[in-house]
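Presented below is the structure to which this report refers.
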Amino acid sequence: MTHFVTTRPRCGPCPSCHCLRLTGIDEGLPYRADPVPLTVQAELRARLTGRGSFALLAGRLVHRDRDRIRGDVRGRPPVFASHRCGVLPAADDVEPRHVRAVTEYLSRLHAATHADEDPVLWHIVTSLGGRVIGLTDTQTPPY
Ligand SMILES: [Zn+2]
């Protein structure tokens with residue numbers, strides 16, 4: 001019997017597009033995933049365009065195959081798509097039932113691995129396509 005390496009995800013910005021992503025190894029296969037919890041429809045669209053999908057289970061990302069997707073009948077976990085630079089989820093793609101749990105998970109993960117970087121909220125908002133406006137910004141408001 002062969003055992004493959006599985007690691008806890010690391011949280012950080014993509015060096016190309018600077019969006020937050022999770023990287024790690026699941027059963028020997030490296031992954032890069034967007035930490036945005038997707039709806040069933042958004043997961044299907046991602047898979048149809050060649051992206052993989054991953055479930056957040058016990059603090060680890062697990063590649064979703066046919067059998068694991070069938071397990072959703074017992075309750076669908078937070079699901080992420082593999083990262084593709086420049087592809088941001090639409091607001092309708094985000095599964096609202098999992099946003100709070102994923103945000104808390106990312107905050108803990110990010111704080112543990114990148115305590116000296118920008119606040120995790122900045123990464124979460126920008127990875128969702130938003131823009132953080134600080135109270136001290138002197139730029140012209142975009143609204
Ligand atoms: Zn990227």
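Residues are named by chain letter and number: chains run A, B, ... in the order of the structure tokens, numbers start at 1 in each chain, and ligands are numbered from 1 in the order shown.
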Go through chain A and flag each residue having an atom no more than 7 Å from ligand 1; for those, report the closest pair of atoms plus their distance in Å to one decimal, using only C-alpha atoms and all ligand atoms, ordered by chain and rising number, as a Markdown table.
```
| residue | atom | partner | partner_atom_place_in_ligand_line | distance |
| --- | --- | --- | --- | --- |
| A:Cys14 | CA | ligand 1 | 1 (Zn) | 4.6 |
| A:Pro15 | CA | ligand 1 | 1 (Zn) | 6.6 |
| A:Ser16 | CA | ligand 1 | 1 (Zn) | 4.9 |
| A:Cys17 | CA | ligand 1 | 1 (Zn) | 4.1 |
| A:His18 | CA | ligand 1 | 1 (Zn) | 6.1 |
| A:Cys19 | CA | ligand 1 | 1 (Zn) | 5.9 |
| A:His83 | CA | ligand 1 | 1 (Zn) | 6.6 |
| A:Arg84 | CA | ligand 1 | 1 (Zn) | 5.8 |
| A:Cys85 | CA | ligand 1 | 1 (Zn) | 3.6 |
| A:Gly86 | CA | ligand 1 | 1 (Zn) | 6.5 |
```
Please, could you write that set of residues out with N, CA and C atoms as a short mmCIF file (atom, residue, chain, number, x, y, z; two decimals), in the first residue's frame?
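Once everything was written out, this is part.cif:
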```
data_model
loop_
_atom_site.label_atom_id
_atom_site.label_comp_id
_atom_site.auth_asym_id
_atom_site.auth_seq_id
_atom_site.Cartn_x
_atom_site.Cartn_y
_atom_site.Cartn_z
N CYS A 14 -1.03 34.96 -4.93
CA CYS A 14 -0.44 34.39 -6.13
C CYS A 14 0.65 35.35 -6.63
N PRO A 15 1.84 34.86 -6.97
CA PRO A 15 2.89 35.77 -7.44
C PRO A 15 2.56 36.44 -8.77
N SER A 16 1.63 35.90 -9.53
CA SER A 16 1.29 36.49 -10.83
C SER A 16 0.16 37.50 -10.73
N CYS A 17 -0.97 37.09 -10.13
CA CYS A 17 -2.15 37.97 -10.14
C CYS A 17 -2.42 38.58 -8.76
N HIS A 18 -1.69 38.17 -7.73
CA HIS A 18 -1.78 38.69 -6.37
C HIS A 18 -3.10 38.37 -5.67
N CYS A 19 -3.92 37.52 -6.25
CA CYS A 19 -5.12 37.08 -5.55
C CYS A 19 -4.73 36.05 -4.49
N HIS A 83 -7.00 27.33 -8.68
CA HIS A 83 -6.72 28.71 -9.04
C HIS A 83 -6.39 28.84 -10.52
N ARG A 84 -6.95 29.83 -11.14
CA ARG A 84 -6.59 30.20 -12.50
C ARG A 84 -6.48 31.72 -12.52
N CYS A 85 -5.30 32.22 -12.83
CA CYS A 85 -5.07 33.66 -12.80
C CYS A 85 -6.09 34.40 -13.67
N GLY A 86 -6.61 35.47 -13.11
CA GLY A 86 -7.54 36.31 -13.87
C GLY A 86 -8.98 35.84 -13.85
#
```
(message) Neighbouring residues of Pro30 in chain A were defined as those with any atom within 10 Å, considering only C-alpha atoms; residues of the same chain fewer than 3 positions away were excluded. Please report them as a list in words.
(response) Val5, Thr6, Thr7, Thr23, Gly24, Ile25, Asp26 and Glu27 of chain A
Hey, can you spit out that residue selection with N, CA and C atoms as a PDB file, in the first residue's frame?
```pdb
ATOM      1  N   VAL A   5       1.763  11.962   0.248  1.00  0.00           N
ATOM      2  CA  VAL A   5       1.881  13.095   1.157  1.00  0.00           C
ATOM      3  C   VAL A   5       0.652  13.990   1.047  1.00  0.00           C
ATOM      4  N   THR A   6       0.156  14.424   2.189  1.00  0.00           N
ATOM      5  CA  THR A   6      -0.888  15.438   2.262  1.00  0.00           C
ATOM      6  C   THR A   6      -0.411  16.484   3.261  1.00  0.00           C
ATOM      7  N   THR A   7      -0.478  17.738   2.863  1.00  0.00           N
ATOM      8  CA  THR A   7      -0.025  18.806   3.752  1.00  0.00           C
ATOM      9  C   THR A   7      -1.176  19.761   4.065  1.00  0.00           C
ATOM     10  N   THR A  23      -2.249  26.894  -1.235  1.00  0.00           N
ATOM     11  CA  THR A  23      -1.380  25.938  -1.902  1.00  0.00           C
ATOM     12  C   THR A  23      -1.064  24.819  -0.926  1.00  0.00           C
ATOM     13  N   GLY A  24      -0.836  23.659  -1.465  1.00  0.00           N
ATOM     14  CA  GLY A  24      -0.499  22.515  -0.634  1.00  0.00           C
ATOM     15  C   GLY A  24      -0.422  21.265  -1.473  1.00  0.00           C
ATOM     16  N   ILE A  25      -0.425  20.133  -0.805  1.00  0.00           N
ATOM     17  CA  ILE A  25      -0.358  18.841  -1.473  1.00  0.00           C
ATOM     18  C   ILE A  25      -1.473  17.972  -0.901  1.00  0.00           C
ATOM     19  N   ASP A  26      -2.265  17.390  -1.786  1.00  0.00           N
ATOM     20  CA  ASP A  26      -3.302  16.450  -1.376  1.00  0.00           C
ATOM     21  C   ASP A  26      -3.006  15.100  -2.012  1.00  0.00           C
ATOM     22  N   GLU A  27      -2.760  14.117  -1.196  1.00  0.00           N
ATOM     23  CA  GLU A  27      -2.467  12.752  -1.654  1.00  0.00           C
ATOM     24  C   GLU A  27      -1.396  12.743  -2.742  1.00  0.00           C
TER      25      GLU A  27
END
```
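Within 8 Å of Leu61 in chain A, once only C-alpha atoms are used and residues closer than 2 positions along the same chain are dropped, the contacting residues are Arg8, Pro9, Asp26, Phe54, Ala55, Leu56, Leu57, Gly59 and His63 of chain A.
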(message) Show me, as an MDAnalysis selection string, the residues that have an atom within 10 Å of Leu44 in chain A when counting only C-alpha atoms, minus same-chain residues fewer than 6 positions from it.
(response) chainID A and resid 38 51:53 81
(request) For Pro37 in chain A, work out the shell of residues within 7 Å, counting only C-alpha atoms and skipping chain neighbours fewer than 3 positions away, then give it as a ChimeraX atom specification. (result) /A:78-80,94-95,98-99
(message) Between CA of Leu88 in chain A and CA of Arg66 in chain A, what distance in Å does the model show, to one decimal?
(response) 24.7 Å
(request) Could you please determine the separation between CA of Val36 in chain A and CA of Thr103 in chain A in Å, to one decimal place? (result) 9.0 Å
(request) Select from range 47-78 of chain A everything DSSP, run on the backbone, classes as strand (DSSP E or B), then give the selection as an MDAnalysis selection string. (result) chainID A and resid 53:57 60:63
(request) Have a look at CA of Arg45 in chain A and CA of Ser82 in chain A and let me know their distance in Å, one decimal. (result)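 We find that CA of Arg45 in chain A and CA of Ser82 in chain A lie 12.0 Å from each other.
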Which of range 28-96 of chain A end up as alpha helix (DSSP H) when DSSP is run on this backbone - answer as a PDB file with N, CA and C atoms, in the first residue's frame?
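Wrote it out as result.pdb, contents follow:
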```pdb
ATOM      1  N   VAL A  40     -22.954  24.924  -5.911  1.00  0.00           N
ATOM      2  CA  VAL A  40     -22.907  23.716  -6.753  1.00  0.00           C
ATOM      3  C   VAL A  40     -22.764  24.114  -8.217  1.00  0.00           C
ATOM      4  N   GLN A  41     -23.524  25.111  -8.646  1.00  0.00           N
ATOM      5  CA  GLN A  41     -23.484  25.534 -10.044  1.00  0.00           C
ATOM      6  C   GLN A  41     -22.112  26.082 -10.412  1.00  0.00           C
ATOM      7  N   ALA A  42     -21.519  26.867  -9.524  1.00  0.00           N
ATOM      8  CA  ALA A  42     -20.198  27.436  -9.812  1.00  0.00           C
ATOM      9  C   ALA A  42     -19.129  26.343  -9.841  1.00  0.00           C
ATOM     10  N   GLU A  43     -19.247  25.352  -8.964  1.00  0.00           N
ATOM     11  CA  GLU A  43     -18.300  24.232  -9.003  1.00  0.00           C
ATOM     12  C   GLU A  43     -18.423  23.497 -10.336  1.00  0.00           C
ATOM     13  N   LEU A  44     -19.637  23.271 -10.775  1.00  0.00           N
ATOM     14  CA  LEU A  44     -19.841  22.577 -12.051  1.00  0.00           C
ATOM     15  C   LEU A  44     -19.227  23.374 -13.202  1.00  0.00           C
ATOM     16  N   ARG A  45     -19.465  24.681 -13.210  1.00  0.00           N
ATOM     17  CA  ARG A  45     -18.872  25.512 -14.279  1.00  0.00           C
ATOM     18  C   ARG A  45     -17.351  25.446 -14.240  1.00  0.00           C
ATOM     19  N   ALA A  46     -16.784  25.485 -13.045  1.00  0.00           N
ATOM     20  CA  ALA A  46     -15.327  25.407 -12.925  1.00  0.00           C
ATOM     21  C   ALA A  46     -14.817  24.077 -13.464  1.00  0.00           C
ATOM     22  N   ARG A  47     -15.481  22.994 -13.109  1.00  0.00           N
ATOM     23  CA  ARG A  47     -15.038  21.669 -13.559  1.00  0.00           C
ATOM     24  C   ARG A  47     -15.192  21.525 -15.067  1.00  0.00           C
ATOM     25  N   LEU A  48     -16.237  22.121 -15.628  1.00  0.00           N
ATOM     26  CA  LEU A  48     -16.438  22.037 -17.080  1.00  0.00           C
ATOM     27  C   LEU A  48     -15.383  22.827 -17.855  1.00  0.00           C
ATOM     28  N   ARG A  66     -15.613  11.914  -8.295  1.00  0.00           N
ATOM     29  CA  ARG A  66     -17.013  11.515  -8.398  1.00  0.00           C
ATOM     30  C   ARG A  66     -17.534  10.944  -7.067  1.00  0.00           C
ATOM     31  N   ASP A  67     -16.767  10.099  -6.453  1.00  0.00           N
ATOM     32  CA  ASP A  67     -17.235   9.475  -5.214  1.00  0.00           C
ATOM     33  C   ASP A  67     -17.372  10.489  -4.080  1.00  0.00           C
ATOM     34  N   ARG A  68     -16.417  11.410  -4.011  1.00  0.00           N
ATOM     35  CA  ARG A  68     -16.504  12.413  -2.944  1.00  0.00           C
ATOM     36  C   ARG A  68     -17.656  13.382  -3.188  1.00  0.00           C
ATOM     37  N   ILE A  69     -17.939  13.690  -4.441  1.00  0.00           N
ATOM     38  CA  ILE A  69     -19.075  14.566  -4.737  1.00  0.00           C
ATOM     39  C   ILE A  69     -20.380  13.863  -4.368  1.00  0.00           C
ATOM     40  N   ARG A  70     -20.449  12.558  -4.583  1.00  0.00           N
ATOM     41  CA  ARG A  70     -21.640  11.799  -4.175  1.00  0.00           C
ATOM     42  C   ARG A  70     -21.874  11.905  -2.668  1.00  0.00           C
ATOM     43  N   PRO A  96     -23.192  31.344   0.142  1.00  0.00           N
ATOM     44  CA  PRO A  96     -23.268  32.184   1.351  1.00  0.00           C
ATOM     45  C   PRO A  96     -23.238  31.398   2.653  1.00  0.00           C
TER      46      PRO A  96
END
```
